[in-house]
Amino acid sequence: MESLIELSNRESPPSSEQDATSFVHEEQQSQLPNPAEATGLEKSGAIPHDPVRNEDQIDDMEFELPESNQNICSPTTQETAQMFAPTSSMAQPQILGHHTSPQTVQNFSPHVEHVECADLLGSEPNRSIGPTSYLSICSIPGITWVSEASGEPSFFETAKTLVLNVDSRLKMRRNPRHETIDEPDKDVAWEWCQAYFDHSFDASLGLVSKEHFEARLRRHFAQNDVVDDDPAWYALRNTVYASGCRLSSSNTPYSYMSGEIQGQAWRYFEKALDVHTELLYGSTGLMAVQALTAMGFFAEGLGSPSLGYMLTSCATRLAQAKGLHRQPAQSWNLPLAEQQHRIGLFWTLYIIEKHICYRSGRPSIIDDDDISCPFPNSQLANNTSHIDPFIYIVQHAQISSRIAKQLASGKSFRQTHTKTLEVIQELNKELQEWRDTLPQFLQPDAPTRRHGKRPDNINMYHVMYLRYAYYGSIMAIHSILTHPWNSSLFGSGQSLALRNRISISSHAVVNAARAIILDTDAIHVDASTPICLALYFPLVSAINVFIYILKYPSLPTASSDVALLDICTGHFSRLELASPNTALPFVREIARLARSTVESIKDSATSPSSLLRTNISAPSVAQSSVPHDLGNNSSPGEDILELFSDNWGTMSSSLNDENLAAFTFD
């Protein structure tokens with residue numbers, strides 16, 4: 001079979017996604033060492049050891065790289081050396097203020113054209129997207145860096161399109177309908193009910209008891225014309241109808257998201273929204289919490305992070321008001337079944353709330369220190385087929401909560417450099433320890449459905465969620481070091497030891513991103529596919545691979561990484577075919593930019609006069625692997641991290657040039 005390097009020299013991309021996948025596997029296996037060599041990175045000297053240490057030093061920190069698919073490349077000596085070969089953008093830092101105007105950006109970056117359109121990136125600056133959001137690449141510093149690194153100003157329009165696409169999903173564009181949609185007839189209602197419990201992600205977590213819901217639905221239809229004025233049952237029933245309507249056609253390829261089906265599902269969801277106020281302020285039971293949580297899952301499935309965020313926040317407040325986050329008092333004399341119901345409901349809400357908060361970069365309203373609700377165990381559900389994955393999903397949500405609190409909160413950006421690196425090390429260690437507790441069939445490197453078997457009673461979405469969540473957390477923990485627009489975090493005078501840590505984090509991030517992209521072939525895209533699996537994790541992975549290519553375009557892995565972006569483009573093409581509303585040309589465009597950049601570097605190797613970058617093939621460990629400041633040097637003597645916001649609402653780490661005099665790394 002033709003090698004991927006030979007393929008990358010062609011002017012045309014791989015003929016098919018399957019070919020691209022096989023080429024990626026072949027090149028990565030041939031160029032890179034085995035996992036044992038990767039785990040021996042520290043022993044081989046990638047991390048210099050200093051015999052003299054004190055509490056301010058970070059030389060003793062060791063980052064364990066994720067044990068990903070064997071097809072994922074591990075660092076090599078050549079790649080590690082190339083990590084520090086700068087592009088022109090790295091050699092010529094751009095200094096941008098945290099409230100940079102479009103005109104100011106244009107002055108700093110002549111390659112970025114039409115920057116006066118920057119305000120179009122967000123028409124309402126009060127819509128905050130936090131620092132952990134993948135949209136940080138669309139901030140002014142991010143756009144400037146990509147435009148400089150790629151040499152193409154077109155990325156501005158690409159970024160603007162992505163942000164406008166996401167912005168269109170943030171809020172409901174019109175008031176709910178005043179006209180009502182009729183209750184479905186009995187047969188249709190039961191069909192949708194069955195679809196909900198068979199295919200929805202929230203039902204698989206045990207949010208709603210199928211037995212109890214079906215019993216209530218039978219009573220509902222038996223009442224005929226008798227009106228049931230329970231707002232919680234009204235909201236939950238119509239939310240199940242909405243989800244079931246959307247999911248019932250999941251076996252019909254590429255038709256489930258048609259306008260008719262989507263519109264019908266949305267109208268039932270609107271009926272549930274009609275009683276939103278009554279759920280919060282009326283006299284309700286636990287079913288009201290179930291209804292609001294189910295509504296949050298439905299909104300999440302539509303790819304509406306803001307709507308899902310608000311609904312799950314409301315559900316959380318109501319749950320806390322009812323004491324679900326606390327261990328029930330013995331004086332309540334609750335039956336065991338009721339206690340189990342409360343535990344399962346709270347932790348299911350915890351999972352979705354923490355996921356949406358971290359994904360959107362917005363703060364959680366659940367204080368982990370205030371939780372005394374018992375942790376779920378194997379006695380929680382009548383059907384225990386999903387209980388083990390459920391427990392591991394909850395454990396991961398707790399880790400995700402700590403990542404957001406310790407690396408993305410306002411307080412975290414005021415901590416010292418040493419503390420930040422210690423937190424990265426601790427969170428990475430905690431994540432690896434959690435991974436080690438997973439059973440073999442849930443391990444991130446275990447074969448997926450298309451390549452191996454799993455227990456028949458295990459939900460595939462739970463397997464893929466845990467896999468993607470693990471790799472996503474790797475990227476979340478380490479990206480604070482690897483995103484170029486965060487480079488001023490540790491100042492311009494970066495030591496050799498710090499650069500080694502940035503190198504290790506870069507490997508961890510890109511390997512995790514590669515693993516997710518290679519696993520997209522296991523995702524069957526239909527109405528039941530959780531949006532985080534179909535869209536969020538693949539998009540974040542594509543962005544991180546893209547950044548890695550632009551930072552190190554002359555590495556031997558660059559060609560295979562470009563092919564990975566082609567694979568990811570194919571995944572989003574399938575997603576667009578299934579759901580035109582989720583079309584994201586962004587991935588296609590960054591794949592084109594990455595390919596163009598790598599090809600330009602290859603051409604420059606044979607034509608020195610056409611060099612687009614300086615010193616690109618002359619690696620030096622004395623050179624930084626990231627560009628210098630993108631922030632205002634307003635407080636050079638303060639050992640703190642500051643967080644600012646662009647005027648369109650996306651949070652980016654436009655941070656100060658810090659004084660590292662207190663540190664002795666080497």
# chains A, B, ... in the order shown; residues from 1 in each chain; ligands from 1

$ residues_around --residues "stretch 399-411 of chain A" --least-positions-apart "5" --cutoff "10 Å" --atoms "only C-alpha atoms" --output "PyMOL selection string"
chain A and resi 130-133+350-351+353-355+357-359+361-364+366-368+393-394+419-421+423-424+427-428+430-431+434+469-470+472-473+476-478+480+640-644+653

$ select_by_dssp --residues "stretch 162-297 of chain A" --states "helix (DSSP H, G or I)" --output "ChimeraX atom specification"
/A:162-167,186-199,201-204,210-222,231-247,259-273,276-281,286-297

$ write_last_selection --atoms "C-alpha atoms" --output "compact mmCIF listing (two decimals), in the first residue's frame"
# COMPACT_ATOMS: atom_id res chain seq x y z
CA LEU A 162 -18.43 29.28 13.24
CA VAL A 163 -19.25 31.80 15.94
CA LEU A 164 -22.39 33.00 14.16
CA ASN A 165 -23.43 29.36 13.75
CA VAL A 166 -23.01 28.73 17.47
CA ASP A 167 -24.58 32.07 18.36
CA LYS A 186 -52.66 6.36 22.04
CA ASP A 187 -50.71 4.25 19.53
CA VAL A 188 -48.39 7.11 18.55
CA ALA A 189 -47.83 8.04 22.18
CA TRP A 190 -46.76 4.50 23.04
CA GLU A 191 -44.48 4.41 19.99
CA TRP A 192 -42.75 7.59 21.09
CA CYS A 193 -42.57 6.37 24.67
CA GLN A 194 -40.83 3.19 23.51
CA ALA A 195 -38.42 5.18 21.32
CA TYR A 196 -37.50 7.41 24.25
CA PHE A 197 -36.67 4.55 26.59
CA ASP A 198 -34.89 2.54 23.90
CA HIS A 199 -32.71 5.25 22.40
CA PHE A 201 -29.19 9.01 26.46
CA ASP A 202 -31.00 10.37 29.53
CA ALA A 203 -33.24 7.30 29.75
CA SER A 204 -30.14 5.09 29.59
CA LYS A 210 -39.86 3.22 32.50
CA GLU A 211 -42.14 1.18 34.73
CA HIS A 212 -43.48 4.19 36.61
CA PHE A 213 -43.84 6.36 33.51
CA GLU A 214 -45.75 3.72 31.57
CA ALA A 215 -48.07 3.12 34.53
CA ARG A 216 -48.82 6.85 34.71
CA LEU A 217 -49.33 7.02 30.94
CA ARG A 218 -51.84 4.17 31.08
CA ARG A 219 -53.79 6.02 33.75
CA HIS A 220 -53.58 9.17 31.65
CA PHE A 221 -55.25 7.51 28.65
CA ALA A 222 -57.74 5.70 30.87
CA PRO A 231 -47.75 20.52 35.75
CA ALA A 232 -44.84 18.15 36.43
CA TRP A 233 -46.56 15.24 34.69
CA TYR A 234 -47.65 17.55 31.86
CA ALA A 235 -44.06 18.75 31.31
CA LEU A 236 -42.46 15.31 31.63
CA ARG A 237 -45.01 13.65 29.35
CA ASN A 238 -44.61 16.25 26.60
CA THR A 239 -40.82 16.18 26.88
CA VAL A 240 -40.89 12.40 26.42
CA TYR A 241 -43.19 12.94 23.44
CA ALA A 242 -40.74 15.48 21.99
CA SER A 243 -37.74 13.20 22.44
CA GLY A 244 -39.61 10.12 21.28
CA CYS A 245 -40.91 11.89 18.19
CA ARG A 246 -37.36 12.81 17.21
CA LEU A 247 -35.96 9.39 18.08
CA GLY A 259 -38.39 19.91 9.03
CA GLU A 260 -41.68 18.18 9.71
CA ILE A 261 -40.35 15.83 12.39
CA GLN A 262 -38.13 18.45 13.98
CA GLY A 263 -40.96 20.96 14.03
CA GLN A 264 -43.38 18.48 15.56
CA ALA A 265 -40.91 17.52 18.28
CA TRP A 266 -40.22 21.16 19.04
CA ARG A 267 -43.92 21.96 19.47
CA TYR A 268 -44.28 19.27 22.12
CA PHE A 269 -41.20 20.69 23.82
CA GLU A 270 -42.84 24.11 23.76
CA LYS A 271 -45.83 22.62 25.56
CA ALA A 272 -43.48 21.50 28.31
CA LEU A 273 -41.97 24.99 28.45
CA HIS A 276 -41.85 26.11 33.31
CA THR A 277 -42.87 28.78 35.83
CA GLU A 278 -45.26 26.43 37.61
CA LEU A 279 -42.51 23.82 37.94
CA LEU A 280 -40.22 26.29 39.67
CA TYR A 281 -42.62 28.21 41.84
CA LEU A 286 -39.53 15.12 42.41
CA MET A 287 -41.22 14.72 39.03
CA ALA A 288 -40.73 18.44 38.44
CA VAL A 289 -36.97 17.94 38.78
CA GLN A 290 -37.18 15.01 36.37
CA ALA A 291 -39.14 17.11 33.88
CA LEU A 292 -36.70 20.04 33.91
CA THR A 293 -33.73 17.68 33.65
CA ALA A 294 -35.32 15.84 30.72
CA MET A 295 -35.95 19.20 29.07
CA GLY A 296 -32.28 20.03 29.54
CA PHE A 297 -31.26 16.76 27.86

$ residues_around --residues "A:Arg574" --least-positions-apart "5" --cutoff "9 Å" --atoms "only C-alpha atoms" --output "short mmCIF file (atom, residue, chain, number, x, y, z; two decimals) with C-alpha atoms, in the first residue's frame"
data_model
loop_
_atom_site.label_atom_id
_atom_site.label_comp_id
_atom_site.auth_asym_id
_atom_site.auth_seq_id
_atom_site.Cartn_x
_atom_site.Cartn_y
_atom_site.Cartn_z
CA VAL A 525 -24.96 9.26 13.39
CA THR A 569 -14.24 16.40 7.71
CA SER A 579 -28.91 16.84 10.12
#

$ atom_distance --atom1 "atom CA of A:Ala512" --atom2 "atom CA of A:Ser541"
7.7 Å

$ closest_residue --among "A:Val587, A:Cys314, A:Ile474, A:Ala337" --to "A:Leu349" --atoms "only C-alpha atoms"
A:Cys314

$ atom_distance --atom1 "atom CA of A:Trp485" --atom2 "atom CA of A:Trp145"
7.3 Å

$ atom_distance --atom1 "atom CA of A:His462" --atom2 "atom CA of A:Cys532"
11.9 Å

$ closest_residue --among "A:Thr418, A:Ser248, A:Gln327, A:Ser360" --to "A:Ser200" --atoms "only C-alpha atoms"
A:Ser248

$ residues_around --residues "A:Thr529" --least-positions-apart "5" --cutoff "12 Å" --atoms "only C-alpha atoms" --output "MDAnalysis selection string"
chainID A and resid 199:202 246:247 250:251 256 298 300:303 459:462 464:465 520 522:524 534:536 575 578:579
